[in-house]
file data32.cif (mmCIF, C-alpha atoms)
data_target
#
loop_
_atom_site.label_atom_id
_atom_site.label_comp_id
_atom_site.auth_asym_id
_atom_site.auth_seq_id
_atom_site.Cartn_x
_atom_site.Cartn_y
_atom_site.Cartn_z
CA MET A 1 0.00 0.00 0.00
CA ALA A 2 1.43 3.37 -1.04
CA ASN A 3 2.17 6.01 1.59
CA VAL A 4 3.08 9.71 1.75
CA LYS A 5 6.79 9.01 1.38
CA ASP A 6 6.09 7.09 -1.86
CA VAL A 7 4.11 10.03 -3.23
CA ALA A 8 6.81 12.52 -2.19
CA LYS A 9 9.57 10.48 -3.83
CA LEU A 10 7.62 10.07 -7.06
CA ALA A 11 6.67 13.77 -7.20
CA GLY A 12 10.16 14.92 -6.23
CA VAL A 13 8.95 16.93 -3.24
CA SER A 14 9.05 16.61 0.56
CA THR A 15 6.46 14.77 2.63
CA ALA A 16 5.56 18.14 4.18
CA THR A 17 4.69 19.46 0.70
CA VAL A 18 2.51 16.42 0.01
CA SER A 19 0.69 17.00 3.29
CA ARG A 20 0.16 20.69 2.50
CA ALA A 21 -1.13 19.83 -0.96
CA MET A 22 -3.78 17.63 0.69
CA THR A 23 -4.73 19.82 3.64
CA HIS A 24 -3.94 23.38 2.45
CA PRO A 25 -3.87 23.27 -1.37
CA GLU A 26 -4.08 27.07 -1.56
CA LYS A 27 -0.58 27.26 -0.07
CA VAL A 28 0.97 25.08 -2.79
CA SER A 29 1.66 26.25 -6.34
CA GLU A 30 -0.52 24.88 -9.11
CA LYS A 31 2.48 23.16 -10.69
CA THR A 32 3.34 21.39 -7.45
CA ARG A 33 -0.30 20.41 -6.81
CA LYS A 34 -0.49 18.77 -10.23
CA LYS A 35 2.76 16.88 -9.61
CA VAL A 36 1.45 15.59 -6.27
CA GLN A 37 -1.94 14.65 -7.71
CA SER A 38 -0.32 12.83 -10.61
CA ALA A 39 2.00 10.91 -8.24
CA MET A 40 -0.97 9.96 -6.03
CA LEU A 41 -2.82 8.50 -9.00
CA GLU A 42 0.25 6.71 -10.35
CA CYS A 43 1.08 4.89 -7.11
CA GLY A 44 -2.54 4.31 -6.04
CA PHE A 45 -2.30 6.48 -2.96
CA SER A 46 -5.39 6.98 -0.79
CA PRO A 47 -5.34 10.12 1.40
CA ASN A 48 -7.76 8.59 3.88
CA VAL A 49 -5.54 5.54 4.41
CA SER A 50 -2.43 7.67 4.59
CA ALA A 51 -3.93 9.95 7.21
CA ARG A 52 -3.80 7.08 9.69
CA ASN A 53 -0.07 6.68 9.09
CA LEU A 54 0.99 10.32 8.88
CA ARG A 55 2.10 11.56 12.28
CA ARG A 56 0.03 14.70 12.54
CA CYS A 57 -3.11 15.87 14.32
CA GLU A 58 -5.81 18.27 13.24
CA SER A 59 -5.34 20.59 16.20
CA LYS A 60 -2.46 22.48 14.49
CA THR A 61 -1.31 23.32 18.01
CA VAL A 62 2.02 22.81 19.77
CA ILE A 63 2.78 23.18 23.46
CA VAL A 64 5.90 24.90 24.81
CA ILE A 65 6.75 23.79 28.34
CA LEU A 66 8.69 26.36 30.37
CA PRO A 67 10.16 25.78 33.84
CA ASP A 68 9.34 29.36 34.93
CA ILE A 69 7.28 31.69 32.78
CA ALA A 70 8.55 34.69 34.79
CA ASN A 71 12.15 34.08 33.68
CA GLN A 72 12.91 36.70 31.01
CA PHE A 73 15.38 34.39 29.28
CA PHE A 74 12.58 32.46 27.59
CA ALA A 75 10.85 35.47 25.98
CA ASP A 76 12.84 35.56 22.74
CA ILE A 77 12.90 31.78 22.49
CA VAL A 78 9.10 31.71 22.57
CA ARG A 79 9.03 34.57 20.05
CA GLY A 80 11.23 32.53 17.70
CA ILE A 81 8.95 29.51 18.08
CA GLN A 82 5.90 31.64 17.30
CA ILE A 83 7.47 33.13 14.17
CA ILE A 84 7.98 29.71 12.57
CA ALA A 85 4.71 28.31 13.94
CA LYS A 86 2.70 31.16 12.44
CA LYS A 87 4.32 30.68 9.03
CA ASN A 88 3.15 27.08 9.14
CA ASP A 89 -0.36 27.77 10.52
CA TYR A 90 0.33 26.38 13.99
CA LYS A 91 -0.85 27.86 17.25
CA VAL A 92 1.46 27.94 20.28
CA LEU A 93 0.27 27.27 23.82
CA LEU A 94 2.58 28.04 26.75
CA GLY A 95 2.69 25.64 29.68
CA ASP A 96 4.38 26.84 32.87
CA SER A 97 5.56 23.75 34.77
CA VAL A 98 6.74 25.88 37.75
CA HIS A 99 9.60 23.37 38.10
CA ALA A 100 7.09 20.58 38.83
CA VAL A 101 7.32 17.28 36.96
CA GLU A 102 3.63 16.62 37.64
CA GLN A 103 2.63 19.82 35.89
CA ALA A 104 4.84 19.05 32.91
CA ASN A 105 3.19 15.63 32.69
CA ALA A 106 -0.23 17.28 32.45
CA TYR A 107 0.89 19.11 29.28
CA ILE A 108 2.35 15.91 27.86
CA ASP A 109 -1.03 14.24 28.37
CA LEU A 110 -2.58 16.81 25.99
CA VAL A 111 -0.42 15.38 23.20
CA LYS A 112 -1.16 11.80 24.19
CA THR A 113 -4.89 12.53 23.93
CA LYS A 114 -4.45 14.29 20.55
CA GLN A 115 -5.45 17.70 21.89
CA ALA A 116 -2.09 19.04 20.69
CA ASP A 117 0.32 17.84 18.01
CA GLY A 118 3.69 18.06 19.73
CA ILE A 119 5.87 19.57 22.42
CA ILE A 120 8.90 21.82 22.64
CA SER A 121 10.29 21.48 26.14
CA LEU A 122 12.50 24.24 27.52
CA THR A 123 12.95 22.30 30.77
CA SER A 124 14.66 19.05 31.69
CA GLU A 125 12.27 18.59 34.63
CA LEU A 126 10.20 15.96 32.86
CA PRO A 127 8.67 12.57 33.77
CA GLU A 128 10.91 9.49 33.64
CA GLU A 129 8.95 8.07 30.71
CA VAL A 130 10.06 11.03 28.60
CA LYS A 131 13.69 10.54 29.57
CA GLU A 132 13.40 6.88 28.60
CA GLY A 133 12.06 7.76 25.16
CA ILE A 134 8.30 8.37 25.09
CA ASN A 135 6.68 7.92 21.69
CA ILE A 136 5.28 11.41 21.13
CA PRO A 137 6.55 14.29 18.94
CA ILE A 138 8.88 16.22 21.24
CA VAL A 139 11.92 18.47 20.84
CA MET A 140 14.17 19.64 23.68
CA ALA A 141 15.52 23.19 23.54
CA CYS A 142 18.12 24.83 25.85
CA GLU A 143 18.01 22.14 28.50
CA TYR A 144 18.70 18.52 27.63
CA PHE A 145 19.63 15.06 28.82
CA GLU A 146 22.79 13.18 27.93
CA ASN A 147 22.15 10.53 25.27
CA PHE A 148 18.50 11.54 25.02
CA PRO A 149 16.81 9.84 22.01
CA VAL A 150 14.92 12.92 20.72
CA PRO A 151 16.03 16.01 18.78
CA THR A 152 17.73 18.69 20.87
CA VAL A 153 18.54 22.35 20.15
CA ARG A 154 21.08 23.89 22.51
CA ILE A 155 24.38 25.70 22.98
CA ASP A 156 27.74 24.33 24.09
CA ASN A 157 27.47 25.32 27.76
CA TYR A 158 30.85 23.80 28.65
CA THR A 159 32.80 25.81 26.07
CA ALA A 160 30.85 29.03 26.72
CA SER A 161 31.63 28.81 30.44
CA LYS A 162 35.27 27.95 29.81
CA ASN A 163 35.63 30.95 27.48
CA ALA A 164 34.28 33.28 30.18
CA ILE A 165 36.80 32.04 32.76
CA ASP A 166 39.64 32.09 30.23
CA TYR A 167 38.87 35.75 29.62
CA LEU A 168 39.00 36.56 33.35
CA LEU A 169 42.30 34.72 33.66
CA ASP A 170 43.69 36.60 30.67
CA ILE A 171 42.98 39.96 32.32
CA GLY A 172 44.74 38.96 35.52
CA HIS A 173 42.14 37.37 37.80
CA LYS A 174 43.04 34.23 39.76
CA ARG A 175 40.49 34.26 42.57
CA ILE A 176 37.35 33.65 40.55
CA ALA A 177 34.16 32.74 42.39
CA CYS A 178 31.10 31.17 40.82
CA ILE A 179 27.34 31.22 41.43
CA THR A 180 25.82 28.16 39.76
CA GLY A 181 22.22 27.26 39.08
CA PRO A 182 20.62 24.05 40.44
CA MET A 183 23.20 21.30 40.04
CA ASP A 184 20.63 18.67 39.07
CA ASN A 185 20.27 20.61 35.83
CA PRO A 186 22.48 19.32 32.95
CA ILE A 187 23.33 22.81 31.70
CA CYS A 188 24.66 23.75 35.15
CA VAL A 189 26.81 20.63 35.27
CA ALA A 190 28.30 21.54 31.87
CA ARG A 191 28.94 25.16 32.90
CA LYS A 192 30.60 24.14 36.15
CA ASN A 193 32.79 21.67 34.27
CA GLY A 194 33.89 24.47 31.94
CA TYR A 195 34.69 26.68 34.94
CA ARG A 196 36.70 23.88 36.55
CA GLN A 197 38.59 22.99 33.38
CA SER A 198 39.64 26.57 32.73
CA LEU A 199 41.09 26.85 36.24
CA GLU A 200 42.87 23.51 35.90
CA ASN A 201 44.40 24.59 32.59
CA ALA A 202 45.81 27.63 34.40
CA SER A 203 47.19 25.37 37.17
CA LEU A 204 44.79 26.86 39.70
CA GLU A 205 43.19 24.63 42.32
CA LEU A 206 39.42 24.59 42.50
CA ASP A 207 38.34 25.93 45.90
CA GLU A 208 34.87 24.74 46.89
CA LEU A 209 34.55 27.86 49.08
CA ALA A 210 34.52 29.83 45.82
CA ILE A 211 31.30 28.16 44.67
CA ASP A 212 27.73 28.80 45.76
CA SER A 213 24.43 28.03 44.08
CA GLY A 214 21.22 29.83 43.21
CA ASP A 215 18.01 29.13 41.33
CA PHE A 216 18.51 31.62 38.46
CA SER A 217 16.50 34.37 40.24
CA PHE A 218 17.67 37.89 41.17
CA HIS A 219 17.27 37.15 44.87
CA SER A 220 19.28 33.92 44.75
CA GLY A 221 22.21 35.75 43.16
CA TYR A 222 21.95 38.43 45.82
CA SER A 223 21.91 35.86 48.66
CA ALA A 224 24.66 33.69 47.17
CA PHE A 225 26.93 36.71 46.86
CA HIS A 226 26.59 37.53 50.55
CA ARG A 227 27.48 33.93 51.46
CA LEU A 228 30.51 33.96 49.16
CA TYR A 229 31.67 37.35 50.45
CA LYS A 230 31.91 35.95 53.99
CA GLN A 231 33.99 32.91 53.02
CA TYR A 232 36.08 33.71 49.95
CA LYS A 233 38.26 36.66 48.91
CA MET A 234 37.30 37.02 45.25
CA THR A 235 38.36 39.48 42.58
CA ALA A 236 35.94 38.17 39.94
CA LEU A 237 32.57 36.44 39.93
CA PHE A 238 31.01 34.27 37.23
CA CYS A 239 27.22 33.82 37.43
CA PHE A 240 25.30 31.18 35.51
CA ASN A 241 22.72 33.71 34.31
CA ASP A 242 22.24 37.47 34.06
CA MET A 243 19.50 37.64 36.66
CA MET A 244 21.75 36.20 39.38
CA ALA A 245 24.58 38.45 38.16
CA LEU A 246 22.39 41.52 38.64
CA GLY A 247 21.41 40.33 42.13
CA ALA A 248 25.10 39.83 42.95
CA MET A 249 25.95 43.27 41.57
CA ARG A 250 23.42 44.84 43.94
CA ALA A 251 24.85 42.90 46.88
CA ALA A 252 28.41 43.97 45.96
CA PHE A 253 27.29 47.59 45.97
CA GLU A 254 25.83 47.16 49.46
CA VAL A 255 29.11 45.86 50.93
CA GLY A 256 31.17 48.54 49.22
CA LEU A 257 32.74 46.47 46.42
CA ASN A 258 32.71 48.71 43.38
CA VAL A 259 32.19 46.91 40.07
CA PRO A 260 34.52 46.55 38.22
CA GLU A 261 37.21 48.39 40.23
CA LYS A 262 37.10 45.92 43.14
CA LEU A 263 35.13 43.06 41.61
CA SER A 264 34.57 41.95 38.02
CA ILE A 265 31.24 40.23 37.27
CA ILE A 266 30.22 38.12 34.27
CA GLY A 267 26.70 36.88 33.57
CA PHE A 268 25.23 34.43 31.09
CA ASP A 269 22.42 34.88 28.49
CA ASP A 270 22.59 38.59 27.48
CA LEU A 271 19.08 39.51 28.53
CA PRO A 272 17.89 42.94 27.31
CA PHE A 273 18.63 44.66 30.64
CA ALA A 274 22.30 43.54 30.60
CA GLN A 275 23.41 46.51 28.49
CA TYR A 276 21.37 48.99 30.56
CA THR A 277 22.78 48.19 34.00
CA THR A 278 25.40 50.43 35.61
CA PRO A 279 27.98 49.26 34.79
CA GLN A 280 26.90 47.41 31.67
CA LEU A 281 27.11 43.65 32.23
CA THR A 282 29.75 41.51 30.55
CA THR A 283 27.92 38.33 29.60
CA ILE A 284 27.70 35.33 27.30
CA GLN A 285 25.18 35.94 24.56
CA GLN A 286 22.84 33.09 23.73
CA PRO A 287 20.98 33.17 20.38
CA GLN A 288 17.54 32.92 21.98
CA LEU A 289 15.52 33.86 18.90
CA GLN A 290 17.39 31.36 16.75
CA ILE A 291 17.01 28.65 19.38
CA GLY A 292 13.24 29.12 19.21
CA LYS A 293 13.11 29.18 15.41
CA THR A 294 15.30 26.10 15.09
CA ALA A 295 13.34 24.18 17.74
CA MET A 296 10.04 24.81 15.91
CA GLN A 297 11.53 23.92 12.53
CA THR A 298 12.87 20.72 14.05
CA LEU A 299 9.48 19.85 15.54
CA LEU A 300 7.85 20.35 12.13
CA HIS A 301 10.28 17.82 10.66
CA VAL A 302 9.28 15.38 13.39
CA LEU A 303 5.56 15.99 12.83
CA PHE A 304 5.86 15.36 9.10
CA ASP A 305 8.08 12.29 9.46
CA GLU A 306 11.02 14.06 7.89
CA LYS A 307 14.59 13.55 9.02
CA ALA A 308 15.36 15.85 11.95
CA ALA A 309 18.82 16.74 13.29
CA GLN A 310 19.33 14.95 16.60
CA ASP A 311 21.60 17.51 18.26
CA THR A 312 21.78 21.07 16.96
CA ILE A 313 24.38 23.24 18.73
CA LEU A 314 24.13 26.99 18.13
CA PRO A 315 27.00 29.45 18.73
CA THR A 316 27.46 31.80 21.68
CA GLN A 317 29.50 34.97 22.05
CA LEU A 318 31.27 36.55 25.01
CA LEU A 319 30.24 40.21 25.09
CA VAL A 320 32.80 42.25 27.03
CA ARG A 321 31.24 45.31 28.62
CA SER A 322 32.12 47.49 31.60
CA SER A 323 31.40 45.13 34.52
CA THR A 324 34.82 43.52 34.08
CA ALA A 325 38.29 45.05 34.31
CA SER A 326 41.91 43.96 34.46
CA TYR A 327 43.33 42.98 37.83
CA SER A 328 46.88 42.92 39.15
CA GLU A 329 48.24 41.91 42.53
CA LYS A 330 49.43 44.86 44.60
#

call {"tool": "encode", "arguments": {"input": "data32.cif", "output": "structure tokens"}}
result
Amino acid sequence: MANVKDVAKLAGVSTATVSRAMTHPEKVSEKTRKKVQSAMLECGFSPNVSARNLRRCESKTVIVILPDIANQFFADIVRGIQIIAKKNDYKVLLGDSVHAVEQANAYIDLVKTKQADGIISLTSELPEEVKEGINIPIVMACEYFENFPVPTVRIDNYTASKNAIDYLLDIGHKRIACITGPMDNPICVARKNGYRQSLENASLELDELAIDSGDFSFHSGYSAFHRLYKQYKMTALFCFNDMMALGAMRAAFEVGLNVPEKLSIIGFDDLPFAQYTTPQLTTIQQPQLQIGKTAMQTLLHVLFDEKAAQDTILPTQLLVRSSTASYSEK
């Protein structure tokens, strides 16, 4: 029995084009429609039979699961998803899991019951069945699992972190503290490994007193700084996101450590406010908009049974601004 792939091969088009020719013929050129129709007749293809095999639903809706909808980092990622979704007549629903696996599972159930077509997950806080390879259309973006059997769109967190510490070392800093995110998160593990490796390459011993953790919020960066200030004499501070960096910058001001004269601070993400702080925040720029666009494009490939890249790594850039300065021992 012929299927969509047979029609696509015979017509010389993609399976997505065949699907559009059947469901939205007005969006396909007349020439292409005729090629698809001719191929369908030639191979004896039945749209009704094929519909049972084609992995798509009629909802034309995808769900984006976020760990915290209040986190500004996700805004441009969602915008990128919406740009590609709109071009392909899909609606986007946002699901805030509030860091709860149970809540994430409720959104996954919407796909299982055919109320939505697929999922883009921006969180790794997902049920075990997903980690083991659940059979639903899903793409991971930003956060990920090692050896996860579904398409992933991300950055190289290890290298980005290492580049930030290398820069601080190059401008004279040796006592570099770090505020991590939750260490059960794979991206935090990768960033801490990059921090550690950069110090090791410079023959500097990793001091656990130089490390504290937060939850990516302003307040956690503020609190972690005060703990670090009591236990470690630092000249530079690397924070795993811009929000914690801004909280730390406020705390440094309160204890009389001028930034960058007495303390250099680097963030991660390049959120819009980073260039409007005083001083402007040195940070690692993530391509949020492109992450969103690529994640949605990848999900479309999955939905239309087309080959999807399993692990897409997008580039980052260290943006040096005025929150960092050279340091020399006196």

call {"tool": "atom_distance", "arguments": {"input": "data32.cif", "atom1": "CA of Ala224 in chain A", "atom2": "CA of Ser328 in chain A"}}
result
25.4 Å

call {"tool": "closest_residue", "arguments": {"input": "data32.cif", "among": "A:Ala21, A:Leu122, A:Ile176, A:Val111", "to": "Thr61 in chain A", "atoms": "all atoms listed in the file"}}
result
A:Val111

call {"tool": "resolve_selection", "arguments": {"input": "data32.cif", "expression": "the PyMOL selection byres ((chain A and resi 275-281) around 12)", "output": "ChimeraX atom specification"}}
result
/A:237-239,241-250,253,258-261,263-274,282-285,318-325

call {"tool": "resolve_selection", "arguments": {"input": "data32.cif", "expression": "the PyMOL selection byres ((chain A and resi 144) around 10)", "output": "list in words"}}
result
Ser121, Leu122, Thr123, Ser124, Glu125, Lys131, Val139, Met140, Ala141, Cys142, Glu143, Phe145, Glu146, Asn147, Phe148, Val150, Pro151, Thr152, Val153, Arg154, Asn185, Pro186, Ile187 and Asp311 of chain A

call {"tool": "closest_residue", "arguments": {"input": "data32.cif", "among": "A:Ala252, A:Met40, A:Ile83, A:Leu204", "to": "His226 in chain A", "atoms": "all atoms listed in the file"}}
result
A:Ala252

call {"tool": "resolve_selection", "arguments": {"input": "data32.cif", "expression": "the PyMOL selection byres ((chain A and resi 188-194) around 8)", "output": "list in words"}}
result
Asn157, Tyr158, Thr159, Ala160, Ser161, Lys162, Thr180, Gly181, Pro182, Met183, Asp184, Asn185, Pro186, Ile187, Tyr195, Arg196, Gln197, Ser198 and Phe240 of chain A

call {"tool": "closest_residue", "arguments": {"input": "data32.cif", "among": "A:Thr113, A:Thr235, A:Gln103, A:Ser59", "to": "Leu169 in chain A", "atoms": "all atoms listed in the file"}}
result
A:Thr235

call {"tool": "atom_distance", "arguments": {"input": "data32.cif", "atom1": "CA of Ile179 in chain A", "atom2": "CA of Asp68 in chain A"}}
result
19.2 Å

call {"tool": "residues_around", "arguments": {"input": "data32.cif", "residues": "Lys307 in chain A", "least_positions_apart": "2", "cutoff": "12 Å", "atoms": "only C-alpha atoms", "output": "list in words"}}
result
Lys5, Ser14, Thr15, Ala16, Val150, Pro151, Gln297, Thr298, Leu299, Leu300, His301, Val302, Leu303, Phe304, Asp305, Ala309 and Gln310 of chain A

call {"tool": "atom_distance", "arguments": {"input": "data32.cif", "atom1": "CA of Glu26 in chain A", "atom2": "CA of Asp89 in chain A"}}
result
12.7 Å

call {"tool": "closest_residue", "arguments": {"input": "data32.cif", "among": "A:Lys86, A:Lys91, A:Lys233, A:His99", "to": "Ala70 in chain A", "atoms": "all atoms listed in the file"}}
result
A:His99

call {"tool": "residues_around", "arguments": {"input": "data32.cif", "residues": "range 105-107 of chain A", "least_positions_apart": "6", "cutoff": "8 Å", "atoms": "only C-alpha atoms", "output": "list in words"}}
result
Ile63, Ile65, Gly95, Leu126 and Pro127 of chain A

call {"tool": "build_atoms", "arguments": {"input": "data32.cif", "residues": "range 11-35 of chain A", "atoms": "N, CA, C and O atoms", "output": "compact mmCIF listing (two decimals), in the frame of the given file"}}
result
# COMPACT_ATOMS: atom_id res chain seq x y z
N ALA A 11 6.92 12.38 -6.76
CA ALA A 11 6.67 13.77 -7.20
C ALA A 11 7.92 14.64 -7.10
O ALA A 11 7.95 15.75 -7.63
N GLY A 12 8.93 14.13 -6.39
CA GLY A 12 10.16 14.92 -6.23
C GLY A 12 10.01 16.08 -5.27
O GLY A 12 10.62 17.13 -5.44
N VAL A 13 9.15 15.89 -4.25
CA VAL A 13 8.95 16.93 -3.24
C VAL A 13 9.08 16.30 -1.85
O VAL A 13 9.25 15.10 -1.72
N SER A 14 8.97 17.12 -0.81
CA SER A 14 9.05 16.61 0.56
C SER A 14 7.70 16.07 1.01
O SER A 14 6.66 16.40 0.43
N THR A 15 7.72 15.27 2.07
CA THR A 15 6.46 14.77 2.63
C THR A 15 5.62 15.91 3.17
O THR A 15 4.39 15.86 3.15
N ALA A 16 6.29 16.97 3.68
CA ALA A 16 5.56 18.14 4.18
C ALA A 16 4.77 18.80 3.04
O ALA A 16 3.64 19.26 3.23
N THR A 17 5.38 18.85 1.85
CA THR A 17 4.69 19.46 0.70
C THR A 17 3.48 18.62 0.29
O THR A 17 2.42 19.16 -0.03
N VAL A 18 3.64 17.29 0.32
CA VAL A 18 2.51 16.42 0.01
C VAL A 18 1.37 16.67 1.00
O VAL A 18 0.20 16.78 0.61
N SER A 19 1.70 16.76 2.28
CA SER A 19 0.69 17.00 3.29
C SER A 19 -0.01 18.33 3.08
O SER A 19 -1.24 18.44 3.18
N ARG A 20 0.77 19.38 2.75
CA ARG A 20 0.16 20.69 2.50
C ARG A 20 -0.74 20.66 1.27
O ARG A 20 -1.79 21.30 1.24
N ALA A 21 -0.32 19.92 0.26
CA ALA A 21 -1.13 19.83 -0.96
C ALA A 21 -2.48 19.20 -0.66
O ALA A 21 -3.49 19.53 -1.30
N MET A 22 -2.52 18.29 0.33
CA MET A 22 -3.78 17.63 0.69
C MET A 22 -4.63 18.49 1.63
O MET A 22 -5.86 18.54 1.49
N THR A 23 -3.98 19.13 2.60
CA THR A 23 -4.73 19.82 3.64
C THR A 23 -4.89 21.32 3.40
O THR A 23 -5.87 21.93 3.83
N HIS A 24 -3.89 21.94 2.74
CA HIS A 24 -3.94 23.38 2.45
C HIS A 24 -3.50 23.62 1.01
O HIS A 24 -2.45 24.24 0.77
N PRO A 25 -4.28 23.16 0.04
CA PRO A 25 -3.87 23.27 -1.37
C PRO A 25 -3.63 24.71 -1.82
O PRO A 25 -2.84 24.94 -2.74
N GLU A 26 -4.27 25.67 -1.18
CA GLU A 26 -4.08 27.07 -1.56
C GLU A 26 -2.68 27.57 -1.27
O GLU A 26 -2.25 28.60 -1.79
N LYS A 27 -1.94 26.84 -0.44
CA LYS A 27 -0.58 27.26 -0.07
C LYS A 27 0.49 26.56 -0.90
O LYS A 27 1.68 26.68 -0.62
N VAL A 28 0.05 25.80 -1.91
CA VAL A 28 0.97 25.08 -2.79
C VAL A 28 0.75 25.56 -4.21
O VAL A 28 -0.40 25.77 -4.63
N SER A 29 1.81 25.77 -4.97
CA SER A 29 1.66 26.25 -6.34
C SER A 29 0.89 25.24 -7.18
O SER A 29 0.87 24.04 -6.90
N GLU A 30 0.27 25.75 -8.24
CA GLU A 30 -0.52 24.88 -9.11
C GLU A 30 0.34 23.78 -9.72
O GLU A 30 -0.08 22.62 -9.83
N LYS A 31 1.56 24.14 -10.10
CA LYS A 31 2.48 23.16 -10.69
C LYS A 31 2.78 22.03 -9.72
O LYS A 31 2.76 20.85 -10.07
N THR A 32 3.02 22.40 -8.46
CA THR A 32 3.34 21.39 -7.45
C THR A 32 2.11 20.53 -7.14
O THR A 32 2.21 19.32 -6.96
N ARG A 33 0.93 21.18 -7.07
CA ARG A 33 -0.30 20.41 -6.81
C ARG A 33 -0.52 19.35 -7.87
O ARG A 33 -0.87 18.20 -7.57
N LYS A 34 -0.29 19.72 -9.13
CA LYS A 34 -0.49 18.77 -10.23
C LYS A 34 0.50 17.62 -10.15
O LYS A 34 0.16 16.46 -10.42
N LYS A 35 1.75 17.93 -9.76
CA LYS A 35 2.76 16.88 -9.61
C LYS A 35 2.36 15.90 -8.52
O LYS A 35 2.49 14.68 -8.66
